[in-house]
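Next up, query_11.cif (mmCIF, C-alpha atoms):
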data_my_file
loop_
_atom_site.label_atom_id
_atom_site.label_comp_id
_atom_site.auth_asym_id
_atom_site.auth_seq_id
_atom_site.Cartn_x
_atom_site.Cartn_y
_atom_site.Cartn_z
CA MET A 1 38.93 55.60 -51.40
CA VAL A 2 40.10 51.97 -51.41
CA ASP A 3 42.07 50.72 -54.41
CA ALA A 4 39.84 47.77 -55.28
CA ASN A 5 42.50 46.10 -57.41
CA LEU A 6 45.08 46.33 -54.63
CA ALA A 7 42.66 44.97 -52.06
CA THR A 8 41.83 42.07 -54.39
CA GLU A 9 45.53 41.32 -54.90
CA ILE A 10 46.15 41.35 -51.15
CA ALA A 11 43.13 39.08 -50.61
CA ALA A 12 44.55 36.64 -53.19
CA ARG A 13 47.90 36.67 -51.35
CA LEU A 14 46.27 36.03 -47.97
CA ARG A 15 44.02 33.36 -49.47
CA ARG A 16 47.07 31.49 -50.74
CA ASP A 17 48.76 31.84 -47.34
CA ILE A 18 45.70 30.28 -45.72
CA LEU A 19 45.50 27.47 -48.28
CA ARG A 20 49.20 26.66 -47.94
CA GLY A 21 48.95 26.60 -44.14
CA GLU A 22 51.17 29.63 -43.62
CA LEU A 23 48.18 31.09 -41.77
CA LEU A 24 46.71 28.23 -39.76
CA PRO A 25 43.08 27.79 -38.66
CA GLY A 26 42.40 29.95 -35.63
CA ALA A 27 45.46 32.15 -36.22
CA LYS A 28 45.12 35.91 -35.78
CA VAL A 29 45.30 38.01 -38.91
CA LYS A 30 46.74 41.26 -37.62
CA GLU A 31 45.90 44.15 -39.89
CA ARG A 32 48.92 46.31 -39.01
CA ASP A 33 51.52 43.52 -39.10
CA ASN A 34 50.28 42.13 -42.40
CA ALA A 35 50.08 45.59 -43.97
CA GLU A 36 53.65 46.34 -42.93
CA GLY A 37 54.84 42.96 -44.16
CA LEU A 38 53.40 43.62 -47.62
CA GLY A 39 54.42 47.26 -47.70
CA VAL A 40 50.87 48.57 -48.05
CA SER A 41 48.63 50.82 -46.00
CA ARG A 42 46.08 49.44 -43.57
CA THR A 43 43.12 50.55 -45.67
CA PRO A 44 43.49 48.03 -48.54
CA MET A 45 44.57 45.39 -46.00
CA ARG A 46 41.34 45.99 -44.08
CA GLU A 47 39.33 45.63 -47.30
CA ALA A 48 41.20 42.43 -48.24
CA ILE A 49 40.38 40.94 -44.84
CA ARG A 50 36.74 41.91 -45.37
CA ILE A 51 36.76 40.12 -48.75
CA LEU A 52 38.06 36.92 -47.15
CA ALA A 53 35.52 37.28 -44.35
CA THR A 54 32.68 37.29 -46.90
CA GLU A 55 34.20 34.10 -48.33
CA GLY A 56 34.22 32.47 -44.90
CA LEU A 57 38.02 32.09 -44.78
CA ILE A 58 38.39 34.72 -42.05
CA VAL A 59 36.12 35.32 -39.05
CA LEU A 60 35.50 38.84 -37.76
CA ALA A 61 34.51 39.63 -34.17
CA PRO A 62 33.96 42.95 -32.37
CA SER A 63 37.03 44.29 -30.52
CA ARG A 64 39.14 41.29 -31.52
CA SER A 65 41.68 40.57 -34.23
CA PRO A 66 40.29 38.74 -37.26
CA ARG A 67 41.08 35.03 -37.20
CA VAL A 68 41.44 32.35 -39.84
CA ALA A 69 38.24 30.29 -39.86
CA ASP A 70 38.44 26.98 -38.01
CA PRO A 71 35.27 25.04 -38.90
CA THR A 72 34.53 21.63 -37.43
CA PHE A 73 34.32 18.58 -39.68
CA GLN A 74 30.53 18.50 -39.18
CA GLU A 75 30.23 22.11 -40.37
CA LEU A 76 32.32 21.32 -43.42
CA SER A 77 30.36 18.15 -44.14
CA ASP A 78 27.06 20.06 -44.03
CA GLN A 79 28.42 22.73 -46.38
CA LEU A 80 29.79 20.10 -48.77
CA LEU A 81 26.35 18.54 -49.02
CA VAL A 82 24.90 21.89 -50.09
CA LEU A 83 27.75 22.51 -52.53
CA ARG A 84 27.33 19.10 -54.14
CA THR A 85 23.63 19.77 -54.64
CA LEU A 86 24.37 23.17 -56.20
CA GLU A 87 27.01 21.75 -58.54
CA VAL A 88 24.82 18.92 -59.74
CA LEU A 89 21.92 21.29 -60.40
CA SER A 90 24.26 23.69 -62.22
CA ALA A 91 25.53 20.94 -64.50
CA GLU A 92 22.02 19.68 -65.22
CA LEU A 93 20.92 23.18 -66.25
CA ALA A 94 24.12 23.67 -68.25
CA CYS A 95 23.19 20.68 -70.40
CA SER A 96 20.30 22.67 -71.85
CA ARG A 97 21.43 26.28 -71.31
CA ALA A 98 25.19 26.34 -71.92
CA THR A 99 26.38 28.14 -75.04
CA GLU A 100 29.10 26.73 -77.23
CA ASP A 101 31.45 29.35 -75.74
CA ASP A 102 30.56 28.11 -72.24
CA LEU A 103 31.40 24.55 -73.20
CA ALA A 104 34.64 25.64 -74.86
CA ARG A 105 35.64 27.46 -71.65
CA ILE A 106 34.93 24.35 -69.54
CA ARG A 107 36.87 22.13 -71.94
CA ASP A 108 39.80 24.58 -71.97
CA LEU A 109 40.00 24.60 -68.17
CA SER A 110 39.93 20.81 -68.17
CA ASP A 111 42.82 20.80 -70.66
CA GLN A 112 44.75 23.21 -68.41
CA MET A 113 44.30 20.80 -65.51
CA THR A 114 45.58 17.92 -67.63
CA ASP A 115 48.75 19.92 -68.33
CA LEU A 116 49.24 20.54 -64.59
CA TYR A 117 48.42 17.09 -63.20
CA GLU A 118 51.88 15.57 -63.35
CA THR A 119 54.30 18.41 -62.73
CA GLY A 120 52.20 21.44 -61.82
CA ASP A 121 52.16 23.15 -58.44
CA SER A 122 49.29 21.81 -56.35
CA LEU A 123 47.91 25.29 -55.66
CA ASP A 124 48.04 26.30 -59.33
CA LEU A 125 46.20 23.10 -60.22
CA PHE A 126 43.64 23.69 -57.48
CA GLU A 127 42.87 27.21 -58.65
CA VAL A 128 42.22 25.99 -62.19
CA ASP A 129 40.07 23.21 -60.73
CA MET A 130 37.92 25.74 -58.86
CA ALA A 131 37.67 27.85 -62.03
CA PHE A 132 36.41 24.72 -63.82
CA HIS A 133 33.61 24.19 -61.29
CA THR A 134 32.77 27.91 -61.35
CA ALA A 135 32.53 27.81 -65.15
CA ILE A 136 29.96 25.00 -64.91
CA ALA A 137 27.90 27.04 -62.43
CA ASP A 138 28.10 30.07 -64.74
CA ALA A 139 26.99 27.89 -67.68
CA SER A 140 23.70 27.24 -65.86
CA HIS A 141 22.77 30.84 -66.75
CA ASN A 142 20.94 31.10 -63.43
CA ASP A 143 22.39 34.08 -61.59
CA SER A 144 20.99 33.14 -58.18
CA LEU A 145 22.37 29.63 -58.46
CA ALA A 146 25.79 30.84 -59.65
CA GLU A 147 26.04 33.40 -56.82
CA THR A 148 25.09 30.85 -54.17
CA HIS A 149 27.54 28.33 -55.62
CA HIS A 150 30.33 30.92 -55.50
CA ALA A 151 29.58 31.68 -51.85
CA PHE A 152 29.78 28.02 -50.80
CA LEU A 153 32.77 27.29 -53.02
CA SER A 154 34.68 30.18 -51.45
CA ARG A 155 33.79 29.03 -47.94
CA LEU A 156 35.09 25.54 -48.69
CA TRP A 157 38.26 26.51 -50.55
CA ARG A 158 40.68 25.49 -47.83
CA ALA A 159 38.97 22.18 -47.10
CA ARG A 160 38.86 21.30 -50.79
CA TYR A 161 42.48 22.30 -51.25
CA LEU A 162 43.58 20.06 -48.40
CA ALA A 163 41.89 17.14 -50.13
CA ALA A 164 42.99 18.09 -53.65
CA ARG A 165 46.68 18.48 -52.84
CA GLN A 166 47.04 14.79 -51.98
CA TRP A 167 48.97 13.27 -54.85
CA ARG A 168 47.05 10.02 -54.63
CA ASN A 169 43.89 11.86 -55.68
CA ARG A 170 45.23 13.32 -58.93
CA SER A 171 44.65 10.37 -61.26
CA ARG A 172 41.17 9.90 -59.82
CA ALA A 173 40.37 13.60 -60.17
CA ARG A 174 41.57 13.56 -63.77
CA ALA A 175 39.25 10.67 -64.65
CA ASP A 176 36.35 12.40 -62.86
CA HIS A 177 36.86 15.65 -64.74
CA ASP A 178 37.13 13.83 -68.06
CA ALA A 179 33.78 12.17 -67.37
CA ILE A 180 32.14 15.49 -66.43
CA VAL A 181 33.40 17.18 -69.60
CA ALA A 182 32.39 14.28 -71.83
CA ALA A 183 28.85 14.35 -70.45
CA LEU A 184 28.54 18.13 -70.81
CA MET A 185 29.80 18.08 -74.39
CA VAL A 186 26.90 15.82 -75.44
CA ARG A 187 24.49 17.50 -72.98
CA ASP A 188 23.70 14.21 -71.22
CA VAL A 189 21.92 15.14 -67.98
CA ALA A 190 22.00 11.67 -66.42
CA ALA A 191 25.67 11.16 -67.22
CA VAL A 192 26.80 14.54 -65.89
CA ARG A 193 24.78 14.02 -62.71
CA ALA A 194 26.41 10.64 -62.15
CA ALA A 195 29.89 12.00 -62.90
CA LEU A 196 29.55 14.88 -60.44
CA GLU A 197 28.03 12.68 -57.73
CA THR A 198 31.03 10.37 -58.09
CA HIS A 199 33.50 13.25 -58.09
CA LEU A 200 32.05 15.15 -55.14
CA GLY A 201 30.65 12.26 -53.13
CA ARG A 202 34.10 11.36 -51.74
CA LEU A 203 35.08 14.86 -50.61
CA ALA A 204 33.91 14.45 -47.02
CA ASP A 205 35.83 11.18 -46.68
CA ASP A 206 38.95 12.83 -48.12
CA ILE A 207 38.71 15.80 -45.78
CA ARG A 208 37.83 14.05 -42.52
CA PRO A 209 41.28 12.61 -41.64
CA ILE A 210 43.01 15.89 -42.51
CA ILE A 211 40.72 17.99 -40.32
CA GLU A 212 40.88 15.49 -37.48
CA ASP A 213 44.70 15.40 -37.65
CA GLU A 214 44.86 19.19 -37.64
CA ARG A 215 42.59 19.49 -34.65
CA GLY A 216 44.47 16.77 -32.82
CA ALA A 217 47.77 18.55 -33.43
CA ALA A 218 46.28 21.86 -32.28
CA ALA A 219 44.93 20.28 -29.10
CA LYS A 220 48.29 18.67 -28.39
CA GLY A 221 50.02 21.99 -28.88
CA MET A 222 47.73 23.64 -26.36
CA ARG A 223 48.52 20.95 -23.78
CA ASN A 224 52.30 21.28 -24.25
#
Rewrite the coordinates I just gave you, this time as structure tokens.
Amino acid sequence: MVDANLATEIAARLRRDILRGELLPGAKVKERDNAEGLGVSRTPMREAIRILATEGLIVLAPSRSPRVADPTFQELSDQLLVLRTLEVLSAELACSRATEDDLARIRDLSDQMTDLYETGDSLDLFEVDMAFHTAIADASHNDSLAETHHAFLSRLWRARYLAARQWRNRSRARADHDAIVAALMVRDVAAVRAALETHLGRLADDIRPIIEDERGAAAKGMRN
């Protein structure tokens, strides 16, 4: 039997390693080496890798070591378009379906981000940010929509983190989140749609130079 809690903890550790760039795109994720490094057996490590594979952060292939996903910019751009559509629809539904507890949860997460903007660790801030967007999807009270949103959000975690960790984006992100929360609190469909379109519409532009730089560096490394 696999200890589900342990596997989840290992997955969280590996996810952070991927987001921080300690495990780079295309890198092998060796089950035995990683299990030994964390002092755990291979069984929960195998399950943790499977969790990250379902999220799209790790790619599995027969008879080969798992590898960190290395999507092209076009693949990411296509996925971001779907995610933006899902988030806008979630927020529109939340305007009519969200409970007062849902709205309090969204507002609380926004307040947590405000506390982290200036001095918080970029990864801590990012994880609260993703919880904020997940809370909006959950507030739609449409299980199919929330599940699909979670799948795409997980797949795009690294790309969104690369964009979010840029310090120049923090003041802009703060203003965007404030506008989203303000619109949700008064259940204004048009305003929340506009706020999310503004917030998410720039993601592809933020991500493009980072992905292109990474791929250029990787190509240079292969030539050297």
Proximity to Leu125 in chain A - best of A:Leu109, A:Ala12, A:Ala35, A:Leu60, all atoms listed in the file: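 Answer, going by the shortest atom-to-atom distance: A:Leu109.
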Please expand the PyMOL selection byres ((chain A and resi 44) around 8) into the concrete residues it hits in this file, giving the result as a ChimeraX atom specification. /A:2-4,6-7,10,40-43,45-48
Identify which of the residues A:Thr134, A:Gln112, A:Thr148, A:Ser140 lies closest to Arg174 in chain A, counting only C-alpha atoms when measuring atom-to-atom distances.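 Ranking A:Thr134, A:Gln112, A:Thr148, A:Ser140 by distance to Arg174 in chain A, first place goes to A:Gln112.
One distance worth recording is that between CA of Leu196 in chain A and CA of Ile180 in chain A, which is 6.6 Å.
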Care to translate the PyMOL selection byres ((chain A and resi 149) around 8) into actual residues of this file, as a list in words? Leu83, Leu86, Glu87, Thr134, Ala137, Leu145, Ala146, Glu147, Thr148, His150, Ala151, Phe152 and Leu153 of chain A
